[in-house]
Amino acid sequence: QLQLAESGGGSGQPGGSLRLSCAASGVTLDYYAIGWFRQAPGKEREGILCISHNGDITTYSDSVKGRFTISRDNAKNTVYLQMNSLKPEDTAVYHCGSPLGIWQAVCPGSSPKVRERFGSWGQGTQVTVSS
């Protein structure tokens, strides 16, 4: 069974960078799509980016375009979220998850409720951006 664990969060300054990792265990990640989400206090969990098994990327949030990138290293069973040009509004708990059902290898299309199509959530890692 797929289990995911996020790491790499912490404090960053506006304009700075952080790289988050989503490490998989229990199965090989080769056949899974992985999505990054974030949840700020008092807000719903928001989709950011997703990478399919073959490297295709789906963007769920316009607010991260040009700043955040997603990548995967199947040899390390890990997916990364590189966050550049950080802003205070990026402050949130960041989670990774995998699509539910039989289409686990492919990222769902963008929709307001895309988070409902994901599961196997990790525990999350806190990112705080402030000066």
# chains A, B, ... in the order shown; residues from 1 in each chain; ligands from 1

call {"tool": "residues_around", "arguments": {"residues": "range 72-86 of chain A", "least_positions_apart": "3", "cutoff": "6 Å", "atoms": "only C-alpha atoms", "output": "CSV table (one decimal) with N, CA, C and O atoms, in the first residue's frame"}}
result
chain,number,residue,atom,x,y,z
A,14,PRO,N,10.6,36.1,2.0
A,14,PRO,CA,10.0,36.5,0.7
A,14,PRO,C,11.1,36.6,-0.3
A,14,PRO,O,12.2,37.2,-0.1
A,15,GLY,N,10.9,36.0,-1.5
A,15,GLY,CA,11.9,35.9,-2.5
A,15,GLY,C,12.8,34.8,-2.4
A,15,GLY,O,13.6,34.5,-3.4
A,16,GLY,N,12.7,34.0,-1.3
A,16,GLY,CA,13.6,32.9,-1.1
A,16,GLY,C,13.1,31.6,-1.8
A,16,GLY,O,12.1,31.6,-2.5
A,17,SER,N,13.8,30.5,-1.5
A,17,SER,CA,13.4,29.2,-2.1
A,17,SER,C,13.4,28.1,-1.0
A,17,SER,O,14.2,28.2,0.0
A,18,LEU,N,12.6,27.1,-1.3
A,18,LEU,CA,12.6,25.9,-0.5
A,18,LEU,C,12.3,24.7,-1.4
A,18,LEU,O,11.6,24.9,-2.4
A,19,ARG,N,12.8,23.6,-1.1
A,19,ARG,CA,12.5,22.4,-1.8
A,19,ARG,C,11.8,21.3,-0.9
A,19,ARG,O,12.5,21.0,0.1
A,20,LEU,N,10.7,20.9,-1.2
A,20,LEU,CA,10.0,19.9,-0.5
A,20,LEU,C,10.1,18.6,-1.2
A,20,LEU,O,10.2,18.5,-2.4
A,21,SER,N,10.1,17.5,-0.3
A,21,SER,CA,10.2,16.2,-0.8
A,21,SER,C,9.0,15.4,-0.4
A,21,SER,O,8.5,15.6,0.7
A,22,CYS,N,8.6,14.5,-1.3
A,22,CYS,CA,7.5,13.6,-1.0
A,22,CYS,C,8.0,12.2,-1.3
A,22,CYS,O,8.2,11.8,-2.4
A,23,ALA,N,8.3,11.4,-0.2
A,23,ALA,CA,8.9,10.1,-0.3
A,23,ALA,C,7.9,9.0,-0.2
A,23,ALA,O,7.0,9.1,0.7
A,24,ALA,N,7.9,8.1,-1.1
A,24,ALA,CA,7.0,7.0,-1.1
A,24,ALA,C,7.6,5.8,-0.5
A,24,ALA,O,8.8,5.5,-0.7
A,29,LEU,N,7.1,4.0,-7.0
A,29,LEU,CA,6.4,5.2,-7.4
A,29,LEU,C,6.2,5.2,-8.9
A,29,LEU,O,5.5,6.1,-9.4
A,30,ASP,N,6.9,4.4,-9.7
A,30,ASP,CA,6.9,4.4,-11.1
A,30,ASP,C,5.5,4.5,-11.7
A,30,ASP,O,5.3,5.1,-12.8
A,67,ARG,N,6.9,30.1,-10.6
A,67,ARG,CA,7.6,30.1,-9.3
A,67,ARG,C,7.9,28.7,-8.8
A,67,ARG,O,8.9,28.4,-8.3
A,68,PHE,N,6.9,27.8,-8.9
A,68,PHE,CA,7.0,26.4,-8.4
A,68,PHE,C,7.1,25.4,-9.5
A,68,PHE,O,6.5,25.6,-10.6
A,69,THR,N,8.0,24.4,-9.3
A,69,THR,CA,8.1,23.3,-10.2
A,69,THR,C,8.0,22.0,-9.5
A,69,THR,O,8.4,21.9,-8.3

call {"tool": "residues_around", "arguments": {"residues": "range 93-107 of chain A", "least_positions_apart": "3", "cutoff": "7 Å", "atoms": "only C-alpha atoms", "output": "list in words"}}
result
Glu6, Cys22, Tyr31, Tyr32, Ala33, Ile34, Gly35, Trp36, Phe37, Arg38, Gln39, Ala40, Cys50, Ile51, Ser52, His53, Thr58, Arg117, Phe118, Gly119, Ser120, Trp121, Gly122, Gln123, Gly124, Thr125, Gln126 and Val127 of chain A

call {"tool": "select_by_dssp", "arguments": {"residues": "chain A", "states": "strand (DSSP E or B)", "output": "ChimeraX atom specification"}}
result
/A:3-7,10-12,18-25,34-39,46-51,57-59,68-73,78-83,92-99,118-119,125-129

call {"tool": "atom_distance", "arguments": {"atom1": "CA of Val114 in chain A", "atom2": "CA of Gly12 in chain A"}}
result
27.6 Å

call {"tool": "atom_distance", "arguments": {"atom1": "CA of Pro108 in chain A", "atom2": "CA of Lys87 in chain A"}}
result
26.7 Å

call {"tool": "select_by_dssp", "arguments": {"residues": "range 97-128 of chain A", "states": "helix (DSSP H, G or I)", "output": "PyMOL selection string"}}
result
chain A and resi 114-117

call {"tool": "closest_residue", "arguments": {"among": "A:Gln13, A:Thr91, A:Thr128, A:Gln3", "to": "Thr28 in chain A", "atoms": "only C-alpha atoms"}}
result
A:Gln3

call {"tool": "atom_distance", "arguments": {"atom1": "CA of Gly26 in chain A", "atom2": "CA of Glu46 in chain A"}}
result
25.9 Å

call {"tool": "residues_around", "arguments": {"residues": "Pro112 in chain A", "least_positions_apart": "6", "cutoff": "12 Å", "atoms": "only C-alpha atoms", "output": "ChimeraX atom specification"}}
result
/A:44-48,60-61
